[in-house]
>>> print(open('model-v7.txt').read())   # compact mmCIF, C-alpha atoms
# COMPACT_ATOMS: atom_id res chain seq x y z
CA MET A 1172 -0.62 14.11 -54.14
CA LYS A 1173 -3.57 13.98 -51.77
CA ALA A 1174 -2.02 11.03 -49.92
CA LYS A 1175 1.27 12.91 -49.54
CA LYS A 1176 -0.58 16.02 -48.38
CA TRP A 1177 -2.53 14.13 -45.73
CA GLY A 1178 0.63 12.29 -44.67
CA PHE A 1179 2.39 15.62 -44.18
CA ILE A 1180 -0.56 16.99 -42.19
CA ALA A 1181 -0.61 13.88 -39.99
CA ALA A 1182 3.12 14.20 -39.33
CA MET A 1183 2.79 17.88 -38.40
CA LEU A 1184 -0.13 17.09 -36.13
CA ALA A 1185 1.96 14.45 -34.34
CA VAL A 1186 4.70 17.02 -33.75
CA PHE A 1187 2.14 19.52 -32.44
CA VAL A 1188 0.69 16.96 -30.02
CA ALA A 1189 4.13 15.94 -28.76
CA ARG A 1190 5.22 19.54 -28.22
CA CYS A 1191 2.05 21.19 -27.00
CA ILE A 1192 -0.02 18.45 -25.42
CA GLY A 1193 2.60 15.91 -24.42
CA LYS A 1194 3.84 12.48 -25.42
CA GLN A 1195 2.47 9.31 -23.86
CA TYR A 1196 4.79 6.88 -22.06
CA GLY A 1197 2.46 4.20 -20.83
CA ALA A 1198 0.35 5.82 -18.11
CA LEU A 1199 2.45 9.00 -18.18
CA THR A 1200 2.10 12.19 -20.20
CA ILE A 1201 5.43 13.98 -20.64
CA LYS A 1202 5.92 17.47 -22.03
CA GLY A 1203 9.21 19.32 -22.32
CA GLY A 1204 11.05 16.88 -20.06
CA VAL A 1205 8.39 17.18 -17.34
CA VAL A 1206 5.89 14.52 -16.24
CA THR A 1207 2.64 16.46 -16.42
CA LYS A 1208 0.08 13.74 -15.77
CA CYS A 1209 -0.38 10.11 -14.83
CA ASP A 1210 -3.55 8.25 -15.74
CA THR A 1211 -5.54 7.94 -12.50
CA SER A 1212 -6.32 4.33 -13.40
CA ALA A 1213 -2.61 3.42 -13.08
CA THR A 1214 -1.98 0.54 -10.69
CA GLY A 1215 1.02 -1.12 -9.08
CA THR A 1216 4.40 0.33 -10.05
CA VAL A 1217 5.03 3.23 -12.42
CA GLU A 1218 8.53 3.93 -13.71
CA ILE A 1219 9.45 7.43 -14.86
CA PRO A 1220 11.79 7.28 -17.88
CA LYS A 1221 15.42 8.33 -17.48
CA GLY A 1222 16.24 11.84 -18.65
CA ILE A 1223 13.08 13.42 -17.26
CA LYS A 1224 13.93 16.64 -15.39
CA SER A 1225 10.93 17.24 -13.16
CA ILE A 1226 7.59 15.92 -11.94
CA GLY A 1227 4.96 18.60 -12.37
CA GLU A 1228 2.24 19.90 -10.09
CA LEU A 1229 -0.60 17.43 -9.48
CA ALA A 1230 0.99 14.95 -11.92
CA PHE A 1231 0.09 11.88 -9.84
CA SER A 1232 -2.65 13.44 -7.74
CA SER A 1233 -5.41 10.99 -6.78
CA CYS A 1234 -3.78 7.97 -8.43
CA ASN A 1235 -5.40 5.92 -5.70
CA ASP A 1236 -4.13 2.52 -6.86
CA LEU A 1237 -0.50 3.53 -7.42
CA MET A 1238 1.64 1.48 -5.01
CA SER A 1239 5.21 2.42 -5.90
CA ILE A 1240 7.04 4.89 -8.10
CA THR A 1241 10.52 4.65 -9.57
CA ILE A 1242 12.08 8.10 -9.92
CA PRO A 1243 15.26 8.41 -12.05
CA ASP A 1244 18.30 10.39 -10.92
CA SER A 1245 17.70 12.94 -13.67
CA ILE A 1246 14.82 14.45 -11.64
CA THR A 1247 15.82 17.66 -9.85
CA SER A 1248 12.52 18.73 -8.32
CA ILE A 1249 9.23 17.32 -7.07
CA GLU A 1250 6.66 20.07 -7.46
CA LYS A 1251 3.70 20.93 -5.25
CA MET A 1252 0.89 18.40 -4.86
CA THR A 1253 2.70 15.92 -7.12
CA PHE A 1254 1.55 12.81 -5.23
CA PHE A 1255 -1.31 14.46 -3.35
CA GLY A 1256 -3.78 11.83 -2.12
CA CYS A 1257 -1.99 8.75 -3.53
CA ARG A 1258 -3.51 6.66 -0.77
CA SER A 1259 -2.01 3.30 -1.82
CA LEU A 1260 1.55 4.56 -2.33
CA THR A 1261 3.74 2.41 -0.08
CA SER A 1262 7.16 2.88 -1.63
CA VAL A 1263 9.01 5.84 -3.10
CA THR A 1264 12.75 6.37 -3.31
CA ILE A 1265 13.76 9.99 -3.77
CA PRO A 1266 17.03 10.07 -5.76
CA ASP A 1267 19.96 12.20 -4.64
CA SER A 1268 19.50 14.50 -7.62
CA VAL A 1269 16.36 16.10 -6.15
CA THR A 1270 16.98 19.49 -4.51
CA SER A 1271 13.45 20.46 -3.45
CA ILE A 1272 10.20 18.80 -2.41
CA GLY A 1273 7.26 21.11 -3.00
CA LYS A 1274 4.21 22.09 -0.99
CA ASP A 1275 1.75 19.20 -0.36
CA ALA A 1276 3.93 16.93 -2.53
CA PHE A 1277 3.04 13.76 -0.60
CA PHE A 1278 0.08 15.09 1.40
CA CYS A 1279 -2.35 12.35 2.49
CA CYS A 1280 -0.23 9.47 1.17
CA ASP A 1281 -1.85 7.22 3.77
CA SER A 1282 0.17 4.08 3.05
CA LEU A 1283 3.72 5.50 3.24
CA THR A 1284 5.48 4.05 6.29
CA SER A 1285 8.97 5.51 5.91
CA ILE A 1286 10.77 8.12 3.87
CA ALA A 1287 14.42 9.07 3.41
CA ILE A 1288 15.29 12.60 2.35
CA PRO A 1289 18.54 12.33 0.32
CA ASN A 1290 21.59 14.50 0.78
CA SER A 1291 20.76 16.67 -2.23
CA VAL A 1292 17.48 18.07 -0.89
CA MET A 1293 17.70 21.58 0.57
CA PHE A 1294 14.03 22.50 0.87
CA ILE A 1295 11.01 20.56 2.19
CA GLY A 1296 7.83 22.48 1.42
CA LYS A 1297 4.76 23.28 3.47
CA ASN A 1298 2.65 20.18 4.20
CA ALA A 1299 5.02 18.13 2.03
CA PHE A 1300 4.34 14.96 4.04
CA GLY A 1301 1.35 16.22 6.01
CA ALA A 1302 -1.32 13.76 7.12
CA CYS A 1303 0.69 10.70 6.06
CA SER A 1304 -1.15 8.70 8.68
CA LYS A 1305 1.01 5.54 8.58
CA LEU A 1306 4.40 7.24 8.40
CA THR A 1307 6.49 5.89 11.30
CA SER A 1308 10.05 6.94 10.47
CA VAL A 1309 11.81 9.72 8.58
CA THR A 1310 15.47 10.29 7.83
CA ILE A 1311 16.39 13.88 6.99
CA SER A 1312 19.71 14.68 5.35
CA ASP A 1313 22.03 17.38 6.67
CA SER A 1314 21.72 19.08 3.28
CA VAL A 1315 18.25 20.31 4.27
CA THR A 1316 18.27 24.00 5.20
CA SER A 1317 14.51 24.64 5.41
CA ILE A 1318 11.49 22.62 6.57
CA GLY A 1319 8.17 24.26 5.73
CA LYS A 1320 5.14 24.88 7.88
CA ASP A 1321 3.23 21.68 8.76
CA ALA A 1322 5.70 19.64 6.67
CA PHE A 1323 5.04 16.54 8.77
CA GLY A 1324 1.95 17.79 10.57
CA GLY A 1325 -0.67 15.17 11.31
CA CYS A 1326 1.73 12.22 10.98
CA ARG A 1327 0.29 10.66 14.12
CA TYR A 1328 2.54 7.58 14.10
CA LEU A 1329 5.81 9.29 13.26
CA ALA A 1330 7.84 8.06 16.23
CA THR A 1331 11.35 8.19 14.76
CA ILE A 1332 13.02 11.21 13.16
CA LYS A 1333 16.68 10.85 12.24
CA TYR A 1334 19.00 13.60 11.03
CA SER A 1335 22.32 12.86 9.33
CA GLY A 1336 24.08 15.91 10.79
CA THR A 1337 25.04 17.19 14.22
CA ILE A 1338 22.85 18.85 16.85
CA ALA A 1339 24.36 22.23 15.93
CA GLN A 1340 23.50 21.69 12.27
CA TRP A 1341 19.95 20.65 13.14
CA ASN A 1342 19.45 23.75 15.26
CA ALA A 1343 20.50 25.88 12.29
CA VAL A 1344 17.77 24.45 10.04
CA SER A 1345 14.89 26.87 9.41
CA LYS A 1346 11.66 25.26 10.58
CA GLY A 1347 8.14 26.48 9.86
CA ASP A 1348 5.37 26.69 12.44
CA GLY A 1349 3.76 23.38 13.27
CA TRP A 1350 6.14 21.36 11.13
CA HIS A 1351 5.73 18.48 13.58
CA ASP A 1352 2.20 19.06 14.91
CA TYR A 1353 0.60 15.87 16.28
CA VAL A 1354 3.83 13.91 15.77
CA PRO A 1355 4.60 11.54 18.68
CA ALA A 1356 8.39 11.79 18.29
CA ALA A 1357 9.80 13.91 21.11
CA THR A 1358 13.34 14.36 19.80
CA VAL A 1359 15.47 14.14 16.68
CA GLU A 1360 18.30 11.60 16.53
CA CYS A 1361 21.46 13.40 15.35
CA THR A 1362 24.94 11.99 14.81
CA ASP A 1363 26.19 13.36 18.14
CA GLY A 1364 23.10 12.92 20.30
CA THR A 1365 19.45 13.92 20.44
CA ALA A 1366 18.01 17.37 19.80
CA SER A 1367 14.64 19.00 20.39
CA LEU A 1368 12.26 19.06 17.46
CA ASP A 1369 12.44 22.85 17.25
>>> encode(input="model-v7.txt", output="structure tokens")
Amino acid sequence: MKAKKWGFIAAMLAVFVARCIGKQYGALTIKGGVVTKCDTSATGTVEIPKGIKSIGELAFSSCNDLMSITIPDSITSIEKMTFFGCRSLTSVTIPDSVTSIGKDAFFCCDSLTSIAIPNSVMFIGKNAFGACSKLTSVTISDSVTSIGKDAFGGCRYLATIKYSGTIAQWNAVSKGDGWHDYVPAATVECTDGTASLD
């Protein structure tokens, strides 16, 4: 009876941990369909399991040796500060299921050289790609309706900004103050010509 009792307690404890603390998937902790944390010792490539709905705030923050991340098309949002300070992150593909990129989501990702915003994203948050010092090119989809303050501020090598819509569509996008501060690009390449950054 004691063995059965302790077995039952162990099983209940496992359920509690999975529901309240989170379940481990390699370097990842996942709770309620949300990636809540990645072990800061993670290196190389991390793959988020299919079916995950969101990447939580600060989930990958300061994973300094993370080089690439595979995000499944079940993800609908990248929350604020998700990849904050991932200084070795060179490759990330944002799937076309994501509708918003939160504040400081990729702030200080010093090794990112290019990024493509898919045609599902409507909102790019404040400082989302701020201080990405090696970022040289960005493609922004015409689905984007709002670019937050300082979204690409401090990207000192960002020479190419492409937009998948027309000049008129670009001009209709809401843009926060300083969204392109210290960016060397002078214009945005649209489908029907070039437009001013603002």
>>> residues_near_point(input="model-v7.txt", point="(20.3, 26.2, 2.7)", cutoff="10 Å", atoms="all atoms listed in the file", output="list in words")
Val1292, Met1293, Phe1294, Asp1313, Ser1314, Val1315, Thr1316, Ser1317, Ala1343, Val1344 and Ser1345 of chain A
>>> closest_residue(input="model-v7.txt", among="A:Ile1219, A:Ile1272, A:Ile1288, A:Val1263", to="A:Leu1199", atoms="all atoms listed in the file")
A:Ile1219
>>> closest_residue(input="model-v7.txt", among="A:Phe1231, A:Phe1323, A:Tyr1328, A:Tyr1334", to="A:Phe1300", atoms="all atoms listed in the file")
A:Phe1323
>>> residues_around(input="model-v7.txt", residues="A:Asp1281", least_positions_apart="2", cutoff="8 Å", atoms="only C-alpha atoms", output="list in words")
Gly1256, Cys1257, Arg1258, Ser1259, Leu1260, Cys1279, Leu1283, Ala1302, Cys1303, Ser1304, Lys1305 and Leu1306 of chain A
>>> closest_residue(input="model-v7.txt", among="A:Asn1290, A:Ser1285, A:Ser1248, A:Thr1362", to="A:Thr1307", atoms="all atoms listed in the file")
A:Ser1285
>>> atom_distance(input="model-v7.txt", atom1="atom CA of A:Leu1329", atom2="atom CA of A:Val1354")
5.6 Å
>>> closest_residue(input="model-v7.txt", among="A:Met1252, A:Ile1226, A:Ile1246, A:Ala1287", to="A:Val1269", atoms="all atoms listed in the file")
A:Ile1246
>>> closest_residue(input="model-v7.txt", among="A:Gly1273, A:Gly1364, A:Gly1197, A:Gly1301", to="A:Arg1327", atoms="only C-alpha atoms")
A:Gly1301
>>> atom_distance(input="model-v7.txt", atom1="atom CA of A:Ile1318", atom2="atom CA of A:Lys1208")
26.6 Å
>>> atom_distance(input="model-v7.txt", atom1="atom CA of A:Ile1295", atom2="atom CA of A:Ser1212")
28.4 Å
>>> closest_residue(input="model-v7.txt", among="A:Gly1349, A:Gly1203, A:Pro1289, A:Gly1222", to="A:Ser1312", atoms="all atoms listed in the file")
A:Pro1289
>>> axis_aligned_box(input="model-v7.txt", around="stretch 1281-1292 of chain A", padding_each_side="5 Å", output="AutoDock Vina command-line options")
--center_x 9.9 --center_y 11.1 --center_z 2.0 --size_x 33.4 --size_y 24.0 --size_z 18.5
>>> decode(input="model-v7.txt", residues="stretch 1222-1252 of chain A", atoms="N, CA, C and O atoms", output="PDB file, in the first residue's frame")
ATOM      1  N   GLY A1222       3.387  23.056 -32.606  1.00  0.00           N
ATOM      2  CA  GLY A1222       2.209  23.147 -31.756  1.00  0.00           C
ATOM      3  C   GLY A1222       2.304  24.209 -30.686  1.00  0.00           C
ATOM      4  O   GLY A1222       1.303  24.571 -30.075  1.00  0.00           O
ATOM      5  N   ILE A1223       3.511  24.731 -30.465  1.00  0.00           N
ATOM      6  CA  ILE A1223       3.691  25.799 -29.477  1.00  0.00           C
ATOM      7  C   ILE A1223       3.072  27.086 -30.028  1.00  0.00           C
ATOM      8  O   ILE A1223       3.258  27.436 -31.189  1.00  0.00           O
ATOM      9  N   LYS A1224       2.350  27.816 -29.163  1.00  0.00           N
ATOM     10  CA  LYS A1224       1.595  28.982 -29.614  1.00  0.00           C
ATOM     11  C   LYS A1224       2.370  30.294 -29.543  1.00  0.00           C
ATOM     12  O   LYS A1224       2.128  31.210 -30.324  1.00  0.00           O
ATOM     13  N   SER A1225       3.250  30.402 -28.560  1.00  0.00           N
ATOM     14  CA  SER A1225       3.913  31.687 -28.338  1.00  0.00           C
ATOM     15  C   SER A1225       5.269  31.492 -27.674  1.00  0.00           C
ATOM     16  O   SER A1225       5.527  30.462 -27.048  1.00  0.00           O
ATOM     17  N   ILE A1226       6.129  32.500 -27.856  1.00  0.00           N
ATOM     18  CA  ILE A1226       7.413  32.538 -27.157  1.00  0.00           C
ATOM     19  C   ILE A1226       7.305  33.674 -26.144  1.00  0.00           C
ATOM     20  O   ILE A1226       7.053  34.821 -26.501  1.00  0.00           O
ATOM     21  N   GLY A1227       7.450  33.354 -24.888  1.00  0.00           N
ATOM     22  CA  GLY A1227       7.200  34.305 -23.816  1.00  0.00           C
ATOM     23  C   GLY A1227       8.274  35.353 -23.622  1.00  0.00           C
ATOM     24  O   GLY A1227       9.371  35.291 -24.210  1.00  0.00           O
ATOM     25  N   GLU A1228       7.956  36.321 -22.776  1.00  0.00           N
ATOM     26  CA  GLU A1228       8.879  37.402 -22.451  1.00  0.00           C
ATOM     27  C   GLU A1228      10.172  36.839 -21.866  1.00  0.00           C
ATOM     28  O   GLU A1228      10.147  35.958 -20.999  1.00  0.00           O
ATOM     29  N   LEU A1229      11.297  37.345 -22.361  1.00  0.00           N
ATOM     30  CA  LEU A1229      12.624  37.005 -21.833  1.00  0.00           C
ATOM     31  C   LEU A1229      12.986  35.522 -21.973  1.00  0.00           C
ATOM     32  O   LEU A1229      13.972  35.073 -21.387  1.00  0.00           O
ATOM     33  N   ALA A1230      12.231  34.774 -22.765  1.00  0.00           N
ATOM     34  CA  ALA A1230      12.434  33.320 -22.830  1.00  0.00           C
ATOM     35  C   ALA A1230      13.853  32.931 -23.225  1.00  0.00           C
ATOM     36  O   ALA A1230      14.423  31.987 -22.676  1.00  0.00           O
ATOM     37  N   PHE A1231      14.432  33.652 -24.183  1.00  0.00           N
ATOM     38  CA  PHE A1231      15.784  33.332 -24.651  1.00  0.00           C
ATOM     39  C   PHE A1231      16.789  34.414 -24.264  1.00  0.00           C
ATOM     40  O   PHE A1231      17.919  34.416 -24.752  1.00  0.00           O
ATOM     41  N   SER A1232      16.382  35.325 -23.425  1.00  0.00           N
ATOM     42  CA  SER A1232      17.239  36.450 -23.063  1.00  0.00           C
ATOM     43  C   SER A1232      18.597  35.985 -22.538  1.00  0.00           C
ATOM     44  O   SER A1232      18.685  35.113 -21.684  1.00  0.00           O
ATOM     45  N   SER A1233      19.651  36.574 -23.092  1.00  0.00           N
ATOM     46  CA  SER A1233      21.034  36.320 -22.669  1.00  0.00           C
ATOM     47  C   SER A1233      21.510  34.893 -22.928  1.00  0.00           C
ATOM     48  O   SER A1233      22.436  34.422 -22.269  1.00  0.00           O
ATOM     49  N   CYS A1234      20.882  34.216 -23.894  1.00  0.00           N
ATOM     50  CA  CYS A1234      21.438  32.927 -24.353  1.00  0.00           C
ATOM     51  C   CYS A1234      22.575  33.270 -25.317  1.00  0.00           C
ATOM     52  O   CYS A1234      22.406  33.257 -26.543  1.00  0.00           O
ATOM     53  N   ASN A1235      23.709  33.595 -24.766  1.00  0.00           N
ATOM     54  CA  ASN A1235      24.800  34.201 -25.532  1.00  0.00           C
ATOM     55  C   ASN A1235      25.431  33.288 -26.572  1.00  0.00           C
ATOM     56  O   ASN A1235      26.104  33.769 -27.488  1.00  0.00           O
ATOM     57  N   ASP A1236      25.245  31.971 -26.434  1.00  0.00           N
ATOM     58  CA  ASP A1236      25.857  31.041 -27.380  1.00  0.00           C
ATOM     59  C   ASP A1236      24.861  30.450 -28.369  1.00  0.00           C
ATOM     60  O   ASP A1236      25.221  29.587 -29.175  1.00  0.00           O
ATOM     61  N   LEU A1237      23.620  30.915 -28.313  1.00  0.00           N
ATOM     62  CA  LEU A1237      22.597  30.458 -29.257  1.00  0.00           C
ATOM     63  C   LEU A1237      22.867  31.078 -30.625  1.00  0.00           C
ATOM     64  O   LEU A1237      22.940  32.296 -30.756  1.00  0.00           O
ATOM     65  N   MET A1238      23.015  30.227 -31.669  1.00  0.00           N
ATOM     66  CA  MET A1238      23.365  30.727 -32.995  1.00  0.00           C
ATOM     67  C   MET A1238      22.180  30.773 -33.955  1.00  0.00           C
ATOM     68  O   MET A1238      22.114  31.640 -34.815  1.00  0.00           O
ATOM     69  N   SER A1239      21.257  29.836 -33.822  1.00  0.00           N
ATOM     70  CA  SER A1239      20.079  29.859 -34.691  1.00  0.00           C
ATOM     71  C   SER A1239      18.889  29.243 -33.971  1.00  0.00           C
ATOM     72  O   SER A1239      19.043  28.428 -33.060  1.00  0.00           O
ATOM     73  N   ILE A1240      17.709  29.660 -34.390  1.00  0.00           N
ATOM     74  CA  ILE A1240      16.480  29.208 -33.746  1.00  0.00           C
ATOM     75  C   ILE A1240      15.485  28.824 -34.832  1.00  0.00           C
ATOM     76  O   ILE A1240      15.324  29.540 -35.817  1.00  0.00           O
ATOM     77  N   THR A1241      14.877  27.668 -34.673  1.00  0.00           N
ATOM     78  CA  THR A1241      13.847  27.212 -35.602  1.00  0.00           C
ATOM     79  C   THR A1241      12.497  27.420 -34.939  1.00  0.00           C
ATOM     80  O   THR A1241      12.206  26.834 -33.896  1.00  0.00           O
ATOM     81  N   ILE A1242      11.684  28.287 -35.549  1.00  0.00           N
ATOM     82  CA  ILE A1242      10.379  28.647 -34.991  1.00  0.00           C
ATOM     83  C   ILE A1242       9.290  27.993 -35.842  1.00  0.00           C
ATOM     84  O   ILE A1242       9.230  28.225 -37.053  1.00  0.00           O
ATOM     85  N   PRO A1243       8.410  27.184 -35.253  1.00  0.00           N
ATOM     86  CA  PRO A1243       7.361  26.511 -36.039  1.00  0.00           C
ATOM     87  C   PRO A1243       6.253  27.477 -36.438  1.00  0.00           C
ATOM     88  O   PRO A1243       6.086  28.548 -35.843  1.00  0.00           O
ATOM     89  N   ASP A1244       5.459  27.064 -37.438  1.00  0.00           N
ATOM     90  CA  ASP A1244       4.402  27.948 -37.930  1.00  0.00           C
ATOM     91  C   ASP A1244       3.147  27.931 -37.058  1.00  0.00           C
ATOM     92  O   ASP A1244       2.112  28.475 -37.437  1.00  0.00           O
ATOM     93  N   SER A1245       3.262  27.327 -35.882  1.00  0.00           N
ATOM     94  CA  SER A1245       2.164  27.409 -34.911  1.00  0.00           C
ATOM     95  C   SER A1245       2.301  28.643 -34.015  1.00  0.00           C
ATOM     96  O   SER A1245       1.350  29.036 -33.334  1.00  0.00           O
ATOM     97  N   ILE A1246       3.473  29.269 -34.026  1.00  0.00           N
ATOM     98  CA  ILE A1246       3.726  30.460 -33.207  1.00  0.00           C
ATOM     99  C   ILE A1246       2.987  31.658 -33.792  1.00  0.00           C
ATOM    100  O   ILE A1246       3.090  31.953 -34.983  1.00  0.00           O
ATOM    101  N   THR A1247       2.250  32.378 -32.941  1.00  0.00           N
ATOM    102  CA  THR A1247       1.504  33.548 -33.415  1.00  0.00           C
ATOM    103  C   THR A1247       2.074  34.870 -32.902  1.00  0.00           C
ATOM    104  O   THR A1247       1.761  35.928 -33.443  1.00  0.00           O
ATOM    105  N   SER A1248       2.906  34.798 -31.856  1.00  0.00           N
ATOM    106  CA  SER A1248       3.472  36.042 -31.345  1.00  0.00           C
ATOM    107  C   SER A1248       4.855  35.817 -30.749  1.00  0.00           C
ATOM    108  O   SER A1248       5.140  34.754 -30.202  1.00  0.00           O
ATOM    109  N   ILE A1249       5.696  36.829 -30.902  1.00  0.00           N
ATOM    110  CA  ILE A1249       7.008  36.856 -30.258  1.00  0.00           C
ATOM    111  C   ILE A1249       6.936  38.008 -29.262  1.00  0.00           C
ATOM    112  O   ILE A1249       6.802  39.164 -29.655  1.00  0.00           O
ATOM    113  N   GLU A1250       6.975  37.684 -27.985  1.00  0.00           N
ATOM    114  CA  GLU A1250       6.725  38.682 -26.949  1.00  0.00           C
ATOM    115  C   GLU A1250       7.942  39.582 -26.702  1.00  0.00           C
ATOM    116  O   GLU A1250       9.005  39.400 -27.290  1.00  0.00           O
ATOM    117  N   LYS A1251       7.768  40.549 -25.803  1.00  0.00           N
ATOM    118  CA  LYS A1251       8.835  41.516 -25.569  1.00  0.00           C
ATOM    119  C   LYS A1251      10.068  40.859 -24.947  1.00  0.00           C
ATOM    120  O   LYS A1251       9.968  39.948 -24.130  1.00  0.00           O
ATOM    121  N   MET A1252      11.221  41.314 -25.406  1.00  0.00           N
ATOM    122  CA  MET A1252      12.527  40.900 -24.890  1.00  0.00           C
ATOM    123  C   MET A1252      12.792  39.402 -25.044  1.00  0.00           C
ATOM    124  O   MET A1252      13.643  38.835 -24.355  1.00  0.00           O
TER     125      MET A1252
END
